[in-house]
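Colleague: Sending over start.csv (CSV, N, CA and C atoms).
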```csv
chain,number,residue,atom,x,y,z
A,22,VAL,N,24.2,-118.5,-62.0
A,22,VAL,CA,22.9,-118.4,-62.5
A,22,VAL,C,22.5,-117.0,-62.7
A,23,GLN,N,21.8,-116.7,-63.9
A,23,GLN,CA,21.3,-115.4,-64.2
A,23,GLN,C,19.9,-115.4,-64.6
A,24,LEU,N,19.2,-114.3,-64.4
A,24,LEU,CA,17.8,-114.1,-64.9
A,24,LEU,C,17.9,-113.0,-66.0
A,25,GLN,N,17.4,-113.4,-67.1
A,25,GLN,CA,17.4,-112.5,-68.3
A,25,GLN,C,16.0,-112.1,-68.6
A,26,ALA,N,15.7,-110.8,-68.4
A,26,ALA,CA,14.3,-110.3,-68.8
A,26,ALA,C,14.3,-109.7,-70.1
A,27,SER,N,13.2,-109.9,-70.8
A,27,SER,CA,13.1,-109.3,-72.2
A,27,SER,C,11.6,-109.1,-72.5
A,28,GLY,N,11.4,-108.3,-73.6
A,28,GLY,CA,10.0,-108.1,-74.0
A,28,GLY,C,9.5,-106.7,-73.8
A,29,GLY,N,10.2,-105.9,-73.1
A,29,GLY,CA,9.8,-104.5,-72.9
A,29,GLY,C,9.8,-103.7,-74.2
A,30,GLY,N,9.2,-102.5,-74.1
A,30,GLY,CA,9.2,-101.6,-75.2
A,30,GLY,C,8.2,-100.5,-75.0
A,31,LEU,N,8.0,-99.8,-76.2
A,31,LEU,CA,7.1,-98.7,-76.2
A,31,LEU,C,5.8,-99.1,-76.8
A,32,VAL,N,4.7,-98.8,-76.1
A,32,VAL,CA,3.3,-99.3,-76.6
A,32,VAL,C,2.3,-98.2,-76.3
A,33,GLN,N,1.3,-98.0,-77.1
A,33,GLN,CA,0.3,-97.1,-76.8
A,33,GLN,C,-0.7,-97.6,-75.7
A,34,ALA,N,-1.3,-96.7,-75.1
A,34,ALA,CA,-2.3,-97.1,-74.1
A,34,ALA,C,-3.4,-98.0,-74.7
A,35,GLY,N,-3.7,-99.0,-74.0
A,35,GLY,CA,-4.7,-100.0,-74.5
A,35,GLY,C,-4.0,-101.2,-75.1
A,36,GLY,N,-2.7,-101.1,-75.4
A,36,GLY,CA,-2.0,-102.1,-76.1
A,36,GLY,C,-1.5,-103.2,-75.1
A,37,SER,N,-0.8,-104.2,-75.7
A,37,SER,CA,-0.3,-105.3,-74.9
A,37,SER,C,1.2,-105.5,-75.1
A,38,LEU,N,1.8,-106.2,-74.2
A,38,LEU,CA,3.2,-106.6,-74.2
A,38,LEU,C,3.3,-107.9,-73.4
A,39,ARG,N,4.2,-108.8,-73.8
A,39,ARG,CA,4.5,-110.0,-73.0
A,39,ARG,C,6.0,-109.9,-72.6
A,40,LEU,N,6.2,-110.0,-71.3
A,40,LEU,CA,7.6,-110.0,-70.8
A,40,LEU,C,7.9,-111.5,-70.6
A,41,SER,N,9.2,-111.7,-70.7
A,41,SER,CA,9.8,-113.1,-70.5
A,41,SER,C,11.0,-112.9,-69.5
A,42,CYS,N,11.2,-113.9,-68.7
A,42,CYS,CA,12.3,-113.9,-67.8
A,42,CYS,C,12.8,-115.4,-67.8
A,43,THR,N,14.1,-115.6,-68.3
A,43,THR,CA,14.6,-116.9,-68.4
A,43,THR,C,15.8,-117.0,-67.5
A,44,ALA,N,15.9,-118.1,-66.7
A,44,ALA,CA,17.0,-118.4,-65.9
A,44,ALA,C,18.0,-119.3,-66.6
A,45,SER,N,19.3,-118.9,-66.5
A,45,SER,CA,20.3,-119.7,-67.2
A,45,SER,C,21.5,-119.9,-66.3
A,46,GLY,N,22.3,-120.9,-66.6
A,46,GLY,CA,23.4,-121.2,-65.8
A,46,GLY,C,23.3,-122.6,-65.2
A,47,SER,N,24.3,-123.0,-64.4
A,47,SER,CA,24.3,-124.3,-63.9
A,47,SER,C,23.2,-124.6,-62.9
A,48,SER,N,22.7,-123.5,-62.2
A,48,SER,CA,21.6,-123.6,-61.2
A,48,SER,C,20.4,-122.9,-61.7
A,49,GLY,N,20.1,-123.0,-63.0
A,49,GLY,CA,19.1,-122.1,-63.6
A,49,GLY,C,17.7,-122.7,-63.5
A,50,SER,N,17.5,-123.8,-62.9
A,50,SER,CA,16.2,-124.3,-62.7
A,50,SER,C,15.3,-123.4,-61.9
A,51,ILE,N,14.0,-123.3,-62.3
A,51,ILE,CA,13.1,-122.5,-61.5
A,51,ILE,C,12.0,-123.3,-60.8
A,52,PHE,N,11.9,-124.6,-61.1
A,52,PHE,CA,10.7,-125.3,-60.7
A,52,PHE,C,10.4,-125.3,-59.2
A,53,ARG,N,11.5,-125.2,-58.3
A,53,ARG,CA,11.3,-125.1,-56.9
A,53,ARG,C,11.0,-123.7,-56.3
A,54,PHE,N,11.1,-122.8,-57.2
A,54,PHE,CA,11.1,-121.4,-56.8
A,54,PHE,C,9.8,-120.6,-57.0
A,55,ASN,N,9.6,-119.7,-56.2
A,55,ASN,CA,8.5,-118.7,-56.5
A,55,ASN,C,9.1,-117.7,-57.4
A,56,MET,N,8.4,-117.3,-58.4
A,56,MET,CA,8.9,-116.3,-59.4
A,56,MET,C,8.0,-115.1,-59.5
A,57,GLY,N,8.6,-113.9,-59.4
A,57,GLY,CA,7.8,-112.7,-59.4
A,57,GLY,C,8.2,-111.7,-60.4
A,58,TRP,N,7.3,-110.8,-60.7
A,58,TRP,CA,7.6,-109.6,-61.5
A,58,TRP,C,7.3,-108.4,-60.6
A,59,TYR,N,8.2,-107.5,-60.6
A,59,TYR,CA,8.2,-106.2,-59.9
A,59,TYR,C,8.4,-105.1,-60.9
A,60,ARG,N,8.0,-103.9,-60.5
A,60,ARG,CA,8.3,-102.7,-61.3
A,60,ARG,C,8.7,-101.5,-60.5
A,61,GLN,N,9.4,-100.7,-61.1
A,61,GLN,CA,9.9,-99.5,-60.4
A,61,GLN,C,9.8,-98.3,-61.4
A,62,ALA,N,9.0,-97.4,-61.1
A,62,ALA,CA,8.9,-96.1,-61.8
A,62,ALA,C,9.9,-95.1,-61.3
A,63,PRO,N,10.2,-94.1,-62.1
A,63,PRO,CA,11.2,-93.1,-61.7
A,63,PRO,C,10.8,-92.5,-60.4
A,64,GLY,N,11.7,-92.4,-59.4
A,64,GLY,CA,11.4,-91.8,-58.2
A,64,GLY,C,10.5,-92.5,-57.2
A,65,LYS,N,10.2,-93.8,-57.6
A,65,LYS,CA,9.3,-94.6,-56.7
A,65,LYS,C,10.0,-95.8,-56.3
A,66,GLN,N,9.4,-96.5,-55.3
A,66,GLN,CA,10.0,-97.7,-54.8
A,66,GLN,C,9.6,-98.9,-55.8
A,67,ARG,N,10.3,-100.0,-55.7
A,67,ARG,CA,10.0,-101.1,-56.5
A,67,ARG,C,8.9,-101.9,-55.8
A,68,ASP,N,7.9,-102.2,-56.6
A,68,ASP,CA,6.6,-102.8,-56.1
A,68,ASP,C,6.4,-104.1,-56.8
A,69,LEU,N,5.7,-105.0,-56.0
A,69,LEU,CA,5.3,-106.3,-56.6
A,69,LEU,C,4.2,-106.1,-57.6
A,70,VAL,N,4.3,-106.7,-58.8
A,70,VAL,CA,3.3,-106.7,-59.8
A,70,VAL,C,2.5,-108.0,-59.7
A,71,ALA,N,3.2,-109.1,-59.7
A,71,ALA,CA,2.6,-110.5,-59.7
A,71,ALA,C,3.6,-111.5,-59.3
A,72,VAL,N,3.1,-112.6,-58.6
A,72,VAL,CA,4.0,-113.7,-58.3
A,72,VAL,C,3.3,-115.0,-58.6
A,73,ILE,N,4.1,-115.9,-59.1
A,73,ILE,CA,3.6,-117.3,-59.3
A,73,ILE,C,4.4,-118.2,-58.4
A,74,ARG,N,3.8,-118.9,-57.6
A,74,ARG,CA,4.6,-119.8,-56.7
A,74,ARG,C,4.9,-121.1,-57.3
A,75,SER,N,5.7,-121.9,-56.6
A,75,SER,CA,6.2,-123.2,-57.2
A,75,SER,C,5.0,-124.1,-57.4
A,76,ASP,N,3.9,-123.9,-56.6
A,76,ASP,CA,2.7,-124.8,-56.7
A,76,ASP,C,1.7,-124.2,-57.8
A,77,GLY,N,2.1,-123.1,-58.4
A,77,GLY,CA,1.3,-122.6,-59.5
A,77,GLY,C,0.3,-121.5,-59.1
A,78,THR,N,0.1,-121.3,-57.8
A,78,THR,CA,-0.8,-120.3,-57.3
A,78,THR,C,-0.2,-118.9,-57.6
A,79,THR,N,-1.1,-117.9,-57.8
A,79,THR,CA,-0.7,-116.6,-58.2
A,79,THR,C,-1.3,-115.5,-57.3
A,80,THR,N,-0.6,-114.4,-57.3
A,80,THR,CA,-1.1,-113.2,-56.6
A,80,THR,C,-0.8,-112.0,-57.4
A,81,TYR,N,-1.7,-111.0,-57.5
A,81,TYR,CA,-1.5,-109.8,-58.3
A,81,TYR,C,-1.7,-108.6,-57.5
A,82,ALA,N,-1.0,-107.6,-57.9
A,82,ALA,CA,-1.3,-106.2,-57.3
A,82,ALA,C,-2.7,-105.8,-57.7
A,83,ASP,N,-3.3,-105.1,-56.9
A,83,ASP,CA,-4.7,-104.6,-57.2
A,83,ASP,C,-4.7,-103.8,-58.5
A,84,SER,N,-3.7,-103.1,-58.8
A,84,SER,CA,-3.6,-102.2,-59.9
A,84,SER,C,-3.5,-102.9,-61.2
A,85,VAL,N,-3.2,-104.2,-61.2
A,85,VAL,CA,-3.0,-105.0,-62.5
A,85,VAL,C,-4.0,-106.1,-62.6
A,86,GLU,N,-4.7,-106.4,-61.5
A,86,GLU,CA,-5.6,-107.5,-61.5
A,86,GLU,C,-6.6,-107.4,-62.6
A,87,GLY,N,-6.7,-108.5,-63.3
A,87,GLY,CA,-7.6,-108.6,-64.5
A,87,GLY,C,-7.0,-108.1,-65.8
A,88,ARG,N,-5.9,-107.5,-65.7
A,88,ARG,CA,-5.2,-107.0,-67.0
A,88,ARG,C,-3.9,-107.8,-67.3
A,89,PHE,N,-3.2,-108.2,-66.2
A,89,PHE,CA,-2.0,-108.9,-66.4
A,89,PHE,C,-2.1,-110.3,-66.0
A,90,THR,N,-1.4,-111.2,-66.6
A,90,THR,CA,-1.4,-112.6,-66.3
A,90,THR,C,0.1,-113.1,-66.2
A,91,ILE,N,0.4,-113.7,-65.1
A,91,ILE,CA,1.7,-114.3,-64.9
A,91,ILE,C,1.6,-115.8,-65.1
A,92,SER,N,2.6,-116.4,-65.8
A,92,SER,CA,2.6,-117.8,-66.0
A,92,SER,C,4.1,-118.3,-66.0
A,93,ARG,N,4.2,-119.6,-66.0
A,93,ARG,CA,5.6,-120.2,-65.9
A,93,ARG,C,5.7,-121.4,-66.8
A,94,ASP,N,6.8,-121.7,-67.3
A,94,ASP,CA,7.1,-122.9,-68.1
A,94,ASP,C,8.4,-123.4,-67.5
A,95,ASN,N,8.3,-124.4,-66.5
A,95,ASN,CA,9.4,-124.9,-65.8
A,95,ASN,C,10.4,-125.6,-66.7
A,96,ALA,N,9.9,-126.2,-67.8
A,96,ALA,CA,10.7,-126.9,-68.7
A,96,ALA,C,11.7,-126.0,-69.4
A,97,LYS,N,11.2,-124.7,-69.6
A,97,LYS,CA,12.0,-123.7,-70.3
A,97,LYS,C,12.7,-122.8,-69.3
A,98,ASN,N,12.5,-123.0,-68.0
A,98,ASN,CA,13.0,-122.1,-67.0
A,98,ASN,C,12.7,-120.7,-67.2
A,99,THR,N,11.4,-120.5,-67.6
A,99,THR,CA,11.0,-119.1,-68.0
A,99,THR,C,9.7,-118.8,-67.3
A,100,VAL,N,9.6,-117.5,-66.9
A,100,VAL,CA,8.3,-117.0,-66.4
A,100,VAL,C,7.9,-115.8,-67.3
A,101,TYR,N,6.6,-115.7,-67.5
A,101,TYR,CA,6.0,-114.7,-68.4
A,101,TYR,C,5.1,-113.8,-67.7
A,102,LEU,N,5.0,-112.6,-68.2
A,102,LEU,CA,4.0,-111.6,-67.8
A,102,LEU,C,3.3,-111.1,-69.0
A,103,GLN,N,2.0,-111.5,-69.2
A,103,GLN,CA,1.2,-111.0,-70.3
A,103,GLN,C,0.5,-109.7,-69.8
A,104,MET,N,0.7,-108.6,-70.4
A,104,MET,CA,0.2,-107.3,-70.0
A,104,MET,C,-0.8,-106.8,-71.1
A,105,ASN,N,-2.0,-106.7,-70.7
A,105,ASN,CA,-3.1,-106.2,-71.6
A,105,ASN,C,-3.6,-104.9,-71.1
A,106,SER,N,-4.3,-104.2,-72.0
A,106,SER,CA,-5.0,-103.0,-71.6
A,106,SER,C,-4.0,-102.1,-70.8
A,107,LEU,N,-2.9,-101.9,-71.4
A,107,LEU,CA,-1.8,-101.1,-70.7
A,107,LEU,C,-2.2,-99.7,-70.5
A,108,LYS,N,-1.8,-99.1,-69.4
A,108,LYS,CA,-2.1,-97.7,-69.1
A,108,LYS,C,-0.8,-96.9,-68.9
A,109,PRO,N,-0.8,-95.6,-69.1
A,109,PRO,CA,0.4,-94.8,-68.9
A,109,PRO,C,1.1,-95.1,-67.5
A,110,GLU,N,0.2,-95.3,-66.5
A,110,GLU,CA,0.8,-95.5,-65.2
A,110,GLU,C,1.5,-96.9,-65.0
A,111,ASP,N,1.4,-97.7,-66.0
A,111,ASP,CA,2.2,-99.0,-66.0
A,111,ASP,C,3.6,-98.8,-66.4
A,112,THR,N,4.0,-97.6,-66.9
A,112,THR,CA,5.3,-97.3,-67.3
A,112,THR,C,6.3,-97.4,-66.1
A,113,ALA,N,7.3,-98.3,-66.4
A,113,ALA,CA,8.3,-98.6,-65.3
A,113,ALA,C,9.3,-99.5,-65.9
A,114,VAL,N,10.4,-99.7,-65.1
A,114,VAL,CA,11.3,-100.8,-65.4
A,114,VAL,C,10.8,-102.0,-64.7
A,115,TYR,N,10.6,-103.1,-65.4
A,115,TYR,CA,10.1,-104.3,-64.8
A,115,TYR,C,11.2,-105.3,-64.6
A,116,TYR,N,11.2,-105.9,-63.4
A,116,TYR,CA,12.2,-106.8,-62.9
A,116,TYR,C,11.6,-108.2,-62.6
A,117,CYS,N,12.3,-109.2,-62.8
A,117,CYS,CA,11.8,-110.5,-62.4
A,117,CYS,C,12.7,-110.9,-61.2
A,118,LYS,N,12.1,-111.8,-60.4
A,118,LYS,CA,12.9,-112.3,-59.2
A,118,LYS,C,12.5,-113.7,-59.0
A,119,ARG,N,13.6,-114.5,-58.6
A,119,ARG,CA,13.4,-115.9,-58.2
A,119,ARG,C,13.7,-115.9,-56.7
A,120,SER,N,12.8,-116.6,-56.0
A,120,SER,CA,12.9,-116.6,-54.6
A,120,SER,C,12.6,-117.9,-54.0
A,121,LEU,N,13.3,-118.3,-52.9
A,121,LEU,CA,13.0,-119.5,-52.1
A,121,LEU,C,13.5,-119.2,-50.7
A,122,LEU,N,12.6,-119.2,-49.8
A,122,LEU,CA,12.9,-118.8,-48.4
A,122,LEU,C,13.5,-117.4,-48.4
A,123,ASN,N,14.8,-117.3,-47.9
A,123,ASN,CA,15.4,-116.0,-47.9
A,123,ASN,C,16.4,-115.8,-49.0
A,124,SER,N,16.4,-116.6,-50.0
A,124,SER,CA,17.3,-116.5,-51.1
A,124,SER,C,16.6,-115.9,-52.3
A,125,ASN,N,17.1,-114.7,-52.7
A,125,ASN,CA,16.5,-114.0,-53.8
A,125,ASN,C,17.5,-113.7,-54.9
A,126,LEU,N,17.0,-113.8,-56.2
A,126,LEU,CA,17.9,-113.5,-57.3
A,126,LEU,C,17.1,-112.6,-58.2
A,127,TRP,N,17.6,-111.5,-58.6
A,127,TRP,CA,17.0,-110.5,-59.4
A,127,TRP,C,17.5,-110.5,-60.8
A,128,GLY,N,16.7,-110.3,-61.8
A,128,GLY,CA,17.1,-110.0,-63.2
A,128,GLY,C,17.4,-108.6,-63.4
A,129,GLN,N,17.9,-108.2,-64.6
A,129,GLN,CA,18.4,-106.9,-64.9
A,129,GLN,C,17.4,-105.9,-65.2
A,130,GLY,N,16.1,-106.2,-65.4
A,130,GLY,CA,15.1,-105.2,-65.7
A,130,GLY,C,14.9,-105.0,-67.2
A,131,THR,N,13.7,-104.7,-67.6
A,131,THR,CA,13.3,-104.3,-68.9
A,131,THR,C,12.3,-103.2,-68.9
A,132,GLN,N,12.6,-102.2,-69.7
A,132,GLN,CA,11.8,-100.9,-69.7
A,132,GLN,C,10.5,-101.1,-70.4
A,133,VAL,N,9.4,-100.7,-69.8
A,133,VAL,CA,8.1,-100.7,-70.4
A,133,VAL,C,7.6,-99.2,-70.4
A,134,THR,N,7.3,-98.7,-71.5
A,134,THR,CA,6.8,-97.3,-71.6
A,134,THR,C,5.4,-97.3,-72.3
A,135,VAL,N,4.4,-96.8,-71.7
A,135,VAL,CA,3.1,-96.7,-72.3
A,135,VAL,C,2.7,-95.3,-72.5
A,136,SER,N,2.5,-95.0,-73.8
A,136,SER,CA,2.2,-93.6,-74.2
A,136,SER,C,0.7,-93.4,-74.2
A,137,SER,N,0.3,-92.2,-73.9
A,137,SER,CA,-1.2,-91.9,-73.8
A,137,SER,C,-1.7,-91.4,-75.1
```
Let's see the structure in the file written out as structure tokens.
Modeller:
Amino acid sequence: VQLQASGGGLVQAGGSLRLSCTASGSSGSIFRFNMGWYRQAPGKQRDLVAVIRSDGTTTYADSVEGRFTISRDNAKNTVYLQMNSLKPEDTAVYYCKRSLLNSNLWGQGTQVTVSS
């Protein structure tokens, strides 16, 4: 099973992007799993951005609350991150993660760059 993230790019401050993360392979179902987006800026640790649990509940980092929205489509094995009102400090590589108990699977990351 693999997680493929896409949708990153270069955008001006105030703009929007939508990231997608799709699970593929023989065990690519996501419906039982919590799905999260994380980001890592150069020289910094990887931090949680948002998580959507298998029951649909969500949690956001304070820094993105009200600007970002995480959602999931279990039929498509895909999780999304809609990012609005982007700021230069949102610049990072964004990673998706599938998790259940102590089992974690990471995607390869997609670069988001926000210019001022």
Colleague: So, with all atoms listed in the file as the atoms that count, which of A:Ser50, A:Asn123, A:Val100, A:Asp76 lies closest to Val22 in chain A?
Modeller: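 Selected residue with least distance to Val22 in chain A: A:Ser50.
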Colleague: Near Tyr101 in chain A, counting all atoms listed in the file, which residues have an atom at most 8 Å away, once you skip same-chain residues fewer than 5 positions from it, shown as a VMD selection string?
Modeller: chain A and resid 39 to 43 58 90 to 94
Colleague: Which of chain A end up as strand (DSSP E) when DSSP is run on this backbone - answer as a VMD selection string?
Modeller: chain A and resid 23 to 27 30 to 33 38 to 45 55 to 61 68 to 73 79 to 81 89 to 94 99 to 104 113 to 121 124 to 127 131 to 136
Colleague: Would you kindly return, as a list in words, each protein, DNA or RNA residue with an atom no farther than 7 Å from any atom of Gln23 in chain A, considering only N, CA and C atoms and excluding same-chain residues fewer than 4 positions away?
Modeller: Thr43, Ala44, Ser45, Gly46, Ser47, Ser48, Gly49, Trp127 and Gly128 of chain A
Colleague: Using backbone DSSP assignments, extract all helix (DSSP H, G or I) residues from chain A; output them as a ChimeraX atom specification.
Modeller: /A:95-97,109-111
Colleague: Work out how far apart CA of Arg60 in chain A and CA of Phe89 in chain A are and give it in Å to one decimal.
Modeller: 13.1 Å
Colleague: State, in Å with one decimal place, the distance from atom N of Asn55 in chain A to CA of Ser120 in chain A.
Modeller: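 Between atom N of Asn55 in chain A and CA of Ser120 in chain A the gap works out to 4.8 Å.
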Colleague: I'd like to know which of A:Gly36, A:Gly29, A:Gly87, A:Gly64 is closest to Thr134 in chain A, using all atoms listed in the file.
Modeller: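 Nearest to Thr134 in chain A: A:Gly29.
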Colleague: Quote the spacing between CA of Met56 in chain A and CA of Ala71 in chain A in Å to one decimal place.
Modeller: 8.6 Å
Colleague: Neighbouring residues of Val70 in chain A were defined as those with any atom within 8 Å, considering all atoms listed in the file; residues of the same chain fewer than 4 positions away were excluded. Please report them as a count of residues only.
Modeller: 11
Colleague: Within 5 Å of Ala113 in chain A, counting all atoms listed in the file, which residues show up once you throw out same-chain ones fewer than 4 positions away? Write them as a ChimeraX atom specification, please.
Modeller: /A:61-62,132-133
Colleague: Kindly indicate which residue among A:Ile51, A:Val114, A:Leu122, A:Val32 lies nearest to Thr99 in chain A, using only C-alpha atoms for the distances.
Modeller: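 Nearest candidate to Thr99 in chain A out of A:Ile51, A:Val114, A:Leu122, A:Val32: A:Ile51.
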